[in-house]
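Enquirer: Enclosed is the structure file target31.txt (compact mmCIF, C-alpha atoms).
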```
# COMPACT_ATOMS: atom_id res chain seq x y z
CA MET A 464 7.33 15.97 31.53
CA TYR A 465 6.63 15.10 35.16
CA THR A 466 3.87 15.78 37.67
CA ALA A 467 4.43 17.56 40.98
CA LYS A 468 5.07 14.13 42.52
CA GLY A 469 7.89 13.41 40.10
CA ARG A 470 5.95 10.97 37.90
CA LEU A 471 5.60 11.05 34.15
CA ASP A 472 2.65 13.19 33.10
CA ILE A 473 1.00 10.63 30.79
CA ASN A 474 -1.48 13.04 29.18
CA SER A 475 1.20 15.63 28.41
CA MET A 476 3.53 12.96 27.01
CA LEU A 477 0.77 11.53 24.81
CA LYS A 478 0.12 14.99 23.42
CA GLN A 479 3.82 15.71 22.90
CA TYR A 480 4.57 12.45 21.09
CA SER A 481 1.34 11.99 19.11
CA PRO A 482 3.02 13.68 16.10
CA LEU A 483 5.64 10.90 16.25
CA VAL A 484 2.84 8.33 15.92
CA ARG A 485 1.38 10.12 12.90
CA ARG A 486 4.80 10.46 11.28
CA LEU A 487 5.56 6.74 11.69
CA ALA A 488 2.10 5.83 10.39
CA HIS A 489 2.56 7.92 7.26
CA GLN A 490 6.03 6.48 6.67
CA MET A 491 4.67 2.95 6.96
CA ILE A 492 1.51 3.37 4.93
CA ALA A 493 3.49 4.70 1.98
CA LYS A 494 4.76 1.13 1.50
CA LEU A 495 1.41 -0.61 2.02
CA PRO A 496 -1.76 -1.18 -0.02
CA ALA A 497 -4.10 1.80 -0.21
CA ASN A 498 -6.89 -0.19 1.46
CA VAL A 499 -4.92 -0.09 4.72
CA GLU A 500 -6.43 2.84 6.62
CA ILE A 501 -4.05 5.45 8.05
CA ASP A 502 -6.44 6.03 10.98
CA ASP A 503 -6.17 2.35 11.95
CA LEU A 504 -2.39 2.58 12.10
CA ILE A 505 -2.51 5.80 14.11
CA GLN A 506 -4.96 4.26 16.58
CA VAL A 507 -2.82 1.20 17.28
CA GLY A 508 0.27 3.44 17.25
CA MET A 509 -1.21 5.47 20.10
CA ILE A 510 -1.73 2.23 21.99
CA GLY A 511 1.94 1.45 21.38
CA LEU A 512 2.87 4.90 22.65
CA THR A 513 0.82 4.37 25.82
CA ASP A 514 2.55 1.03 26.33
CA ALA A 515 5.94 2.71 25.88
CA LEU A 516 5.08 5.31 28.52
CA SER A 517 4.14 2.60 31.02
CA ARG A 518 7.28 0.54 30.39
CA PHE A 519 9.95 3.19 29.90
CA ASP A 520 12.85 3.14 32.35
CA ALA A 521 15.24 6.07 32.00
CA ALA A 522 17.82 4.15 34.03
CA GLN A 523 18.40 1.87 31.05
CA GLY A 524 20.13 4.74 29.25
CA VAL A 525 17.84 4.75 26.21
CA GLN A 526 16.18 7.93 24.97
CA PHE A 527 12.41 7.82 25.26
CA GLU A 528 11.78 8.65 21.60
CA THR A 529 13.96 5.73 20.50
CA PHE A 530 12.18 3.38 22.89
CA ALA A 531 8.74 4.69 21.92
CA THR A 532 9.48 4.40 18.19
CA GLN A 533 10.17 0.69 18.59
CA ARG A 534 6.98 0.13 20.58
CA ILE A 535 4.82 2.18 18.19
CA ARG A 536 6.15 0.48 15.07
CA GLY A 537 5.81 -2.92 16.74
CA ALA A 538 2.14 -2.26 17.52
CA MET A 539 1.49 -1.25 13.92
CA LEU A 540 3.23 -4.35 12.54
CA ASP A 541 1.20 -6.57 14.89
CA GLU A 542 -1.98 -4.94 13.59
CA LEU A 543 -0.96 -5.57 9.97
CA ARG A 544 -0.11 -9.21 10.65
CA GLY A 545 -3.37 -9.79 12.49
CA ASN A 546 -5.64 -8.51 9.71
CA ASP A 547 -6.17 -9.79 6.21
CA TYR A 548 -6.99 -6.66 4.23
CA LEU A 549 -7.92 -8.44 1.04
CA SER A 550 -9.88 -11.68 0.76
CA ARG A 551 -8.21 -14.73 -0.75
CA GLY A 552 -10.89 -14.89 -3.43
CA THR A 553 -10.22 -11.32 -4.52
CA ARG A 554 -6.47 -11.93 -4.65
CA LYS A 555 -7.05 -15.03 -6.76
CA GLN A 556 -9.21 -13.08 -9.20
CA GLN A 557 -6.62 -10.31 -9.41
CA ARG A 558 -3.90 -12.84 -10.18
CA SER A 559 -6.01 -14.38 -12.92
CA ILE A 560 -6.24 -10.98 -14.60
CA GLU A 561 -2.51 -10.41 -14.19
CA SER A 562 -1.74 -13.83 -15.67
CA ALA A 563 -3.88 -13.10 -18.73
CA VAL A 564 -2.29 -9.68 -19.18
CA HIS A 565 1.20 -11.16 -18.92
CA LYS A 566 0.50 -13.92 -21.47
CA LEU A 567 -0.99 -11.48 -23.96
CA GLU A 568 1.81 -8.96 -23.58
CA GLN A 569 4.33 -11.71 -24.32
CA LYS A 570 2.29 -12.86 -27.31
CA LEU A 571 1.28 -9.49 -28.76
CA GLY A 572 4.26 -7.35 -27.79
CA ARG A 573 1.92 -4.57 -26.61
CA ALA A 574 -0.67 -3.79 -23.96
CA PRO A 575 -3.69 -6.01 -24.65
CA GLN A 576 -7.15 -4.54 -25.05
CA GLU A 577 -9.98 -5.34 -22.65
CA SER A 578 -11.70 -7.57 -25.19
CA GLU A 579 -8.47 -9.54 -25.68
CA ILE A 580 -7.99 -10.03 -21.96
CA ALA A 581 -11.60 -11.15 -21.59
CA LYS A 582 -11.19 -13.69 -24.40
CA GLU A 583 -7.95 -15.02 -22.87
CA MET A 584 -9.82 -15.58 -19.59
CA GLY A 585 -12.77 -17.23 -21.33
CA LEU A 586 -15.13 -14.41 -20.39
CA SER A 587 -17.39 -12.08 -22.28
CA LEU A 588 -16.40 -8.41 -22.23
CA ALA A 589 -19.29 -7.66 -19.85
CA GLU A 590 -18.22 -10.47 -17.50
CA TYR A 591 -14.63 -9.26 -17.51
CA GLN A 592 -15.65 -5.68 -16.76
CA GLU A 593 -17.84 -6.93 -13.93
CA LEU A 594 -14.81 -8.80 -12.54
CA LEU A 595 -12.74 -5.61 -12.72
CA GLY A 596 -15.40 -3.92 -10.60
CA LYS A 597 -15.22 -6.69 -8.00
CA VAL A 598 -11.47 -6.36 -7.50
CA ARG A 599 -11.66 -2.59 -7.07
CA GLY A 600 -9.37 -1.30 -4.35
CA THR A 601 -6.60 -3.79 -5.05
CA GLN A 602 -3.26 -2.07 -5.24
CA LEU A 603 0.33 -2.45 -6.36
CA VAL A 604 1.38 -4.35 -3.22
CA TYR A 605 -0.60 -6.87 -1.16
CA LEU A 606 0.31 -7.68 2.44
CA GLU A 607 0.49 -11.26 1.22
CA ASP A 608 3.31 -10.22 -1.11
CA MET A 609 5.30 -9.28 1.97
CA THR A 610 5.88 -12.85 3.14
CA GLY A 611 8.89 -13.28 0.87
CA ASP A 612 9.53 -16.06 -1.61
CA ASP A 613 11.24 -18.43 0.83
CA GLY A 614 9.05 -18.07 3.90
CA ASP A 615 10.89 -14.92 4.96
CA THR A 616 8.77 -13.96 7.97
CA ASP A 617 10.82 -10.80 8.57
CA PHE A 618 10.01 -9.47 5.10
CA LEU A 619 7.23 -7.19 6.37
CA ASP A 620 9.43 -5.79 9.15
CA ARG A 621 12.29 -5.04 6.77
CA HIS A 622 10.12 -3.38 4.13
CA VAL A 623 8.17 -1.09 6.43
CA ALA A 624 11.02 -0.33 8.83
CA ASP A 625 12.46 3.13 9.13
CA ASP A 626 15.17 2.72 6.51
CA GLY A 627 15.60 6.39 5.68
CA LEU A 628 19.26 6.22 6.67
CA ASN A 629 19.94 3.04 4.68
CA PRO A 630 21.67 4.00 1.37
CA LEU A 631 20.83 0.64 -0.24
CA ALA A 632 17.17 1.00 0.69
CA GLN A 633 17.14 4.54 -0.71
CA LEU A 634 18.66 3.30 -3.97
CA GLN A 635 16.14 0.46 -4.23
CA ASP A 636 13.27 2.86 -3.55
CA HIS A 637 14.54 5.22 -6.28
CA ARG A 638 14.78 2.34 -8.73
CA MET A 639 11.28 1.19 -7.82
CA ARG A 640 9.86 4.66 -8.38
CA SER A 641 11.66 4.94 -11.71
CA ALA A 642 10.30 1.55 -12.76
CA LEU A 643 6.77 2.61 -11.78
CA VAL A 644 7.00 5.86 -13.75
CA GLU A 645 8.25 3.96 -16.79
CA ALA A 646 5.49 1.34 -16.45
CA ILE A 647 2.78 4.01 -16.29
CA LYS A 648 4.09 5.49 -19.56
CA HIS A 649 3.26 2.20 -21.28
CA LEU A 650 -0.35 2.09 -20.09
CA PRO A 651 -3.10 2.79 -22.65
CA GLU A 652 -3.75 6.52 -22.81
CA ARG A 653 -7.07 6.52 -20.97
CA GLU A 654 -5.62 4.45 -18.14
CA GLN A 655 -2.69 6.86 -17.88
CA TYR A 656 -5.21 9.67 -17.41
CA VAL A 657 -7.00 7.73 -14.66
CA MET A 658 -3.78 7.01 -12.75
CA SER A 659 -2.59 10.60 -13.09
CA MET A 660 -5.87 12.12 -11.92
CA TYR A 661 -6.33 9.63 -9.09
CA TYR A 662 -2.81 9.59 -7.63
CA GLU A 663 -1.07 12.74 -8.83
CA HIS A 664 -3.98 15.18 -8.71
CA ASP A 665 -5.87 13.45 -5.85
CA MET A 666 -9.20 13.50 -7.73
CA ASN A 667 -12.02 11.23 -6.58
CA LEU A 668 -13.84 8.75 -8.79
CA LYS A 669 -16.77 11.07 -9.42
CA GLU A 670 -14.49 13.87 -10.61
CA ILE A 671 -12.49 11.55 -12.87
CA ALA A 672 -15.71 10.14 -14.32
CA ALA A 673 -16.90 13.66 -15.14
CA VAL A 674 -13.65 14.50 -16.92
CA LEU A 675 -13.67 11.30 -18.97
CA GLY A 676 -17.41 11.36 -19.61
CA VAL A 677 -17.97 7.88 -18.17
CA THR A 678 -19.58 6.37 -15.08
CA GLU A 679 -17.82 5.97 -11.73
CA SER A 680 -18.01 2.19 -12.11
CA ARG A 681 -16.18 2.49 -15.41
CA VAL A 682 -13.42 4.48 -13.71
CA CYS A 683 -13.15 1.68 -11.11
CA GLN A 684 -12.77 -0.84 -13.93
CA LEU A 685 -10.05 1.20 -15.64
CA HIS A 686 -8.24 1.65 -12.35
CA SER A 687 -8.31 -2.07 -11.54
CA GLN A 688 -7.08 -2.93 -15.01
CA SER A 689 -4.25 -0.39 -14.73
CA ILE A 690 -3.17 -1.92 -11.42
CA ALA A 691 -3.07 -5.39 -13.00
CA ARG A 692 -0.90 -4.12 -15.85
CA LEU A 693 1.46 -2.30 -13.48
CA ARG A 694 1.84 -5.29 -11.18
CA VAL A 695 2.89 -7.38 -14.18
CA LYS A 696 5.50 -4.78 -15.14
CA LEU A 697 6.78 -4.27 -11.60
CA ARG A 698 7.09 -8.00 -11.03
CA GLU A 699 9.74 -7.94 -13.79
CA PHE A 700 11.56 -5.24 -11.79
```
I need this file expressed as structure tokens, please.

Expert:
Amino acid sequence: MYTAKGRLDINSMLKQYSPLVRRLAHQMIAKLPANVEIDDLIQVGMIGLTDALSRFDAAQGVQFETFATQRIRGAMLDELRGNDYLSRGTRKQQRSIESAVHKLEQKLGRAPQESEIAKEMGLSLAEYQELLGKVRGTQLVYLEDMTGDDGDTDFLDRHVADDGLNPLAQLQDHRMRSALVEAIKHLPEREQYVMSMYYEHDMNLKEIAAVLGVTESRVCQLHSQSIARLRVKLREF
């Protein structure tokens, strides 16, 4: 789209390609922790789009959408690298829970109860449940996990890139989903209900609490504990 003077109409182009920004943001956030806000990605993506409009040169023989996609995704990746979405202390606490869960599963051959996890960590049941409340919001994948085991600094780029046309990536994604479904089946029954209502039926904490007859804080605890169990299982994958 051009103005009467033959220049790109920036406002019209921003409006035309804003759906591209939203689509890329939704593709990317599907592979990121839930505490990364979609609106944040869209905002920086629009900045990337604006940058693409100011730098695009049709004489280079590249389609604008291809050029803009690179700029938009690059802006989003820079935003993710520049922000630590989960404090180090919270990650350390989450790992402590996961370590206890893993040890008990190996020892007991089943999913450990809350009281057993608390004892393994040297905590009272009340202290353990309070800890579960503190790590609320932690998810299956941390941005920190995306650094790779051997200092692979391109790990984040490769795992949030547009790999829809990559057969290997599609296969790995299918296997990951299958592993997640299987891991959820092995959660204690009440935690299965929480995960199903929260993620499959998009119910909020208050609604889940009403169904289960517990407090919202208790739902947060069950959710955090479920995440710890699933991370242990998925790490084996």

Enquirer: Distance CA of Arg536 in chain A-CA of Lys478 in chain A, one decimal place?

Expert: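 Interatomic distance here is 17.8 Å.
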
Enquirer: Given the choices A:Leu697, A:Arg692, A:Glu579, A:Asp665, which gets closest to Glu561 in chain A if the distance is worked out from all atoms listed in the file?

Expert: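 Going through A:Leu697, A:Arg692, A:Glu579, A:Asp665 one by one, the smallest distance to Glu561 in chain A is for A:Arg692.
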
Enquirer: What does the distance from CA of Pro651 in chain A to CA of Ser687 in chain A come to in Å, to one decimal?

Expert: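 Separation of CA of Pro651 in chain A and CA of Ser687 in chain A: 13.2 Å.
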
Enquirer: From the options A:Ala672, A:Ala691, A:Met491, A:Ala538, which residue's atoms come nearest to Val564 in chain A, counting only C-alpha atoms?

Expert: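 Nearest candidate to Val564 in chain A out of A:Ala672, A:Ala691, A:Met491, A:Ala538: A:Ala691.
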
Enquirer: Just the number, please: distance in Å from CA of Leu643 in chain A to CA of Leu586 in chain A, one decimal.

Expert: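 Rounded to one decimal, the two atoms are 29.0 Å apart.
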
Enquirer: From the options A:Leu595, A:Leu588, A:Tyr662, A:Ala531, which residue's atoms come nearest to Ile560 in chain A, counting only C-alpha atoms?

Expert: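 That would be A:Leu595, the residue with the smallest distance to Ile560 in chain A.
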
Enquirer: Could you check the closest approach to Glu654 in chain A for each of A:Val598, A:Ala574, A:Glu593, A:Val695 and tell me which residue wins, using all atoms listed in the file?

Expert: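 Among A:Val598, A:Ala574, A:Glu593, A:Val695, it is A:Ala574 that comes nearest to Glu654 in chain A.
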
Enquirer: Considering all atoms listed in the file, can you say which of A:Gly572, A:Gly508, A:Gly552, A:Gly524 comes closest to Gly537 in chain A?

Expert: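 The answer is A:Gly508, which sits nearest to Gly537 in chain A.
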
Enquirer: Rank nothing, just name the residue among A:Ala515, A:Val644, A:Leu693, A:Met539 nearest to His489 in chain A, using only C-alpha atoms.

Expert: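 Of all the options, A:Met539 lies closest to His489 in chain A.
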
Enquirer: Extract, using all atoms listed in the file, all DNA, RNA and protein residues at most 9 Å from range 575-578 of chain A, discarding same-chain residues fewer than 3 positions from it, and format them as a list of chain:residue names.

Expert: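 The filter keeps A:Val564, A:Leu567, A:Glu568, A:Leu571, A:Gly572, A:Ala581, A:Lys582, A:Glu583, A:Ser587, A:Leu588, A:Tyr591, A:Gln592, A:Pro651, A:Gln688.
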
Enquirer: N, CA and C atoms are needed for range 648-677 of chain A; please write them out as a PDB file, keeping the file's coordinate frame.

Expert:
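Everything below was put into rebuild15.pdb:
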```
ATOM      1  N   LYS A 648       3.977   4.930 -18.209  1.00  0.00           N
ATOM      2  CA  LYS A 648       4.090   5.490 -19.560  1.00  0.00           C
ATOM      3  C   LYS A 648       3.615   4.511 -20.626  1.00  0.00           C
ATOM      4  N   HIS A 649       3.644   3.221 -20.297  1.00  0.00           N
ATOM      5  CA  HIS A 649       3.260   2.200 -21.280  1.00  0.00           C
ATOM      6  C   HIS A 649       1.807   1.754 -21.127  1.00  0.00           C
ATOM      7  N   LEU A 650       1.072   2.381 -20.207  1.00  0.00           N
ATOM      8  CA  LEU A 650      -0.350   2.090 -20.090  1.00  0.00           C
ATOM      9  C   LEU A 650      -1.099   2.706 -21.271  1.00  0.00           C
ATOM     10  N   PRO A 651      -2.245   2.136 -21.651  1.00  0.00           N
ATOM     11  CA  PRO A 651      -3.100   2.790 -22.650  1.00  0.00           C
ATOM     12  C   PRO A 651      -3.418   4.207 -22.189  1.00  0.00           C
ATOM     13  N   GLU A 652      -3.621   5.098 -23.114  1.00  0.00           N
ATOM     14  CA  GLU A 652      -3.750   6.520 -22.810  1.00  0.00           C
ATOM     15  C   GLU A 652      -4.819   6.820 -21.764  1.00  0.00           C
ATOM     16  N   ARG A 653      -5.992   6.226 -21.920  1.00  0.00           N
ATOM     17  CA  ARG A 653      -7.070   6.520 -20.970  1.00  0.00           C
ATOM     18  C   ARG A 653      -6.702   6.069 -19.564  1.00  0.00           C
ATOM     19  N   GLU A 654      -6.024   4.934 -19.453  1.00  0.00           N
ATOM     20  CA  GLU A 654      -5.620   4.450 -18.140  1.00  0.00           C
ATOM     21  C   GLU A 654      -4.527   5.331 -17.542  1.00  0.00           C
ATOM     22  N   GLN A 655      -3.680   5.894 -18.373  1.00  0.00           N
ATOM     23  CA  GLN A 655      -2.690   6.860 -17.880  1.00  0.00           C
ATOM     24  C   GLN A 655      -3.395   8.057 -17.264  1.00  0.00           C
ATOM     25  N   TYR A 656      -4.447   8.534 -17.928  1.00  0.00           N
ATOM     26  CA  TYR A 656      -5.210   9.670 -17.410  1.00  0.00           C
ATOM     27  C   TYR A 656      -5.803   9.333 -16.038  1.00  0.00           C
ATOM     28  N   VAL A 657      -6.378   8.140 -15.929  1.00  0.00           N
ATOM     29  CA  VAL A 657      -7.000   7.730 -14.660  1.00  0.00           C
ATOM     30  C   VAL A 657      -5.966   7.718 -13.544  1.00  0.00           C
ATOM     31  N   MET A 658      -4.811   7.097 -13.783  1.00  0.00           N
ATOM     32  CA  MET A 658      -3.780   7.010 -12.750  1.00  0.00           C
ATOM     33  C   MET A 658      -3.261   8.383 -12.369  1.00  0.00           C
ATOM     34  N   SER A 659      -3.090   9.251 -13.362  1.00  0.00           N
ATOM     35  CA  SER A 659      -2.590  10.600 -13.090  1.00  0.00           C
ATOM     36  C   SER A 659      -3.585  11.399 -12.256  1.00  0.00           C
ATOM     37  N   MET A 660      -4.848  11.359 -12.650  1.00  0.00           N
ATOM     38  CA  MET A 660      -5.870  12.120 -11.920  1.00  0.00           C
ATOM     39  C   MET A 660      -6.080  11.578 -10.511  1.00  0.00           C
ATOM     40  N   TYR A 661      -6.043  10.255 -10.387  1.00  0.00           N
ATOM     41  CA  TYR A 661      -6.330   9.630  -9.090  1.00  0.00           C
ATOM     42  C   TYR A 661      -5.187   9.815  -8.101  1.00  0.00           C
ATOM     43  N   TYR A 662      -3.945   9.585  -8.553  1.00  0.00           N
ATOM     44  CA  TYR A 662      -2.810   9.590  -7.630  1.00  0.00           C
ATOM     45  C   TYR A 662      -2.040  10.909  -7.611  1.00  0.00           C
ATOM     46  N   GLU A 663      -1.870  11.511  -8.783  1.00  0.00           N
ATOM     47  CA  GLU A 663      -1.070  12.740  -8.830  1.00  0.00           C
ATOM     48  C   GLU A 663      -1.886  13.966  -8.461  1.00  0.00           C
ATOM     49  N   HIS A 664      -3.151  14.003  -8.950  1.00  0.00           N
ATOM     50  CA  HIS A 664      -3.980  15.180  -8.710  1.00  0.00           C
ATOM     51  C   HIS A 664      -5.019  14.956  -7.610  1.00  0.00           C
ATOM     52  N   ASP A 665      -5.019  13.755  -7.001  1.00  0.00           N
ATOM     53  CA  ASP A 665      -5.870  13.450  -5.850  1.00  0.00           C
ATOM     54  C   ASP A 665      -7.356  13.705  -6.152  1.00  0.00           C
ATOM     55  N   MET A 666      -7.791  13.353  -7.355  1.00  0.00           N
ATOM     56  CA  MET A 666      -9.200  13.500  -7.730  1.00  0.00           C
ATOM     57  C   MET A 666      -9.964  12.234  -7.327  1.00  0.00           C
ATOM     58  N   ASN A 667     -11.219  12.405  -6.937  1.00  0.00           N
ATOM     59  CA  ASN A 667     -12.020  11.230  -6.580  1.00  0.00           C
ATOM     60  C   ASN A 667     -12.650  10.626  -7.830  1.00  0.00           C
ATOM     61  N   LEU A 668     -13.300   9.479  -7.648  1.00  0.00           N
ATOM     62  CA  LEU A 668     -13.840   8.750  -8.790  1.00  0.00           C
ATOM     63  C   LEU A 668     -14.897   9.556  -9.540  1.00  0.00           C
ATOM     64  N   LYS A 669     -15.720  10.271  -8.797  1.00  0.00           N
ATOM     65  CA  LYS A 669     -16.770  11.070  -9.420  1.00  0.00           C
ATOM     66  C   LYS A 669     -16.180  12.162 -10.305  1.00  0.00           C
ATOM     67  N   GLU A 670     -15.135  12.806  -9.829  1.00  0.00           N
ATOM     68  CA  GLU A 670     -14.490  13.870 -10.610  1.00  0.00           C
ATOM     69  C   GLU A 670     -13.823  13.320 -11.862  1.00  0.00           C
ATOM     70  N   ILE A 671     -13.145  12.167 -11.712  1.00  0.00           N
ATOM     71  CA  ILE A 671     -12.490  11.550 -12.870  1.00  0.00           C
ATOM     72  C   ILE A 671     -13.536  11.127 -13.897  1.00  0.00           C
ATOM     73  N   ALA A 672     -14.638  10.566 -13.422  1.00  0.00           N
ATOM     74  CA  ALA A 672     -15.710  10.140 -14.320  1.00  0.00           C
ATOM     75  C   ALA A 672     -16.254  11.320 -15.128  1.00  0.00           C
ATOM     76  N   ALA A 673     -16.391  12.470 -14.464  1.00  0.00           N
ATOM     77  CA  ALA A 673     -16.900  13.660 -15.140  1.00  0.00           C
ATOM     78  C   ALA A 673     -15.938  14.128 -16.234  1.00  0.00           C
ATOM     79  N   VAL A 674     -14.651  14.078 -15.943  1.00  0.00           N
ATOM     80  CA  VAL A 674     -13.650  14.500 -16.920  1.00  0.00           C
ATOM     81  C   VAL A 674     -13.642  13.577 -18.143  1.00  0.00           C
ATOM     82  N   LEU A 675     -13.734  12.271 -17.892  1.00  0.00           N
ATOM     83  CA  LEU A 675     -13.670  11.300 -18.970  1.00  0.00           C
ATOM     84  C   LEU A 675     -15.017  11.071 -19.657  1.00  0.00           C
ATOM     85  N   GLY A 676     -16.085  11.551 -19.036  1.00  0.00           N
ATOM     86  CA  GLY A 676     -17.410  11.360 -19.610  1.00  0.00           C
ATOM     87  C   GLY A 676     -17.902   9.931 -19.503  1.00  0.00           C
ATOM     88  N   VAL A 677     -17.542   9.265 -18.397  1.00  0.00           N
ATOM     89  CA  VAL A 677     -17.970   7.880 -18.170  1.00  0.00           C
ATOM     90  C   VAL A 677     -18.561   7.780 -16.772  1.00  0.00           C
TER      91      VAL A 677
END
```
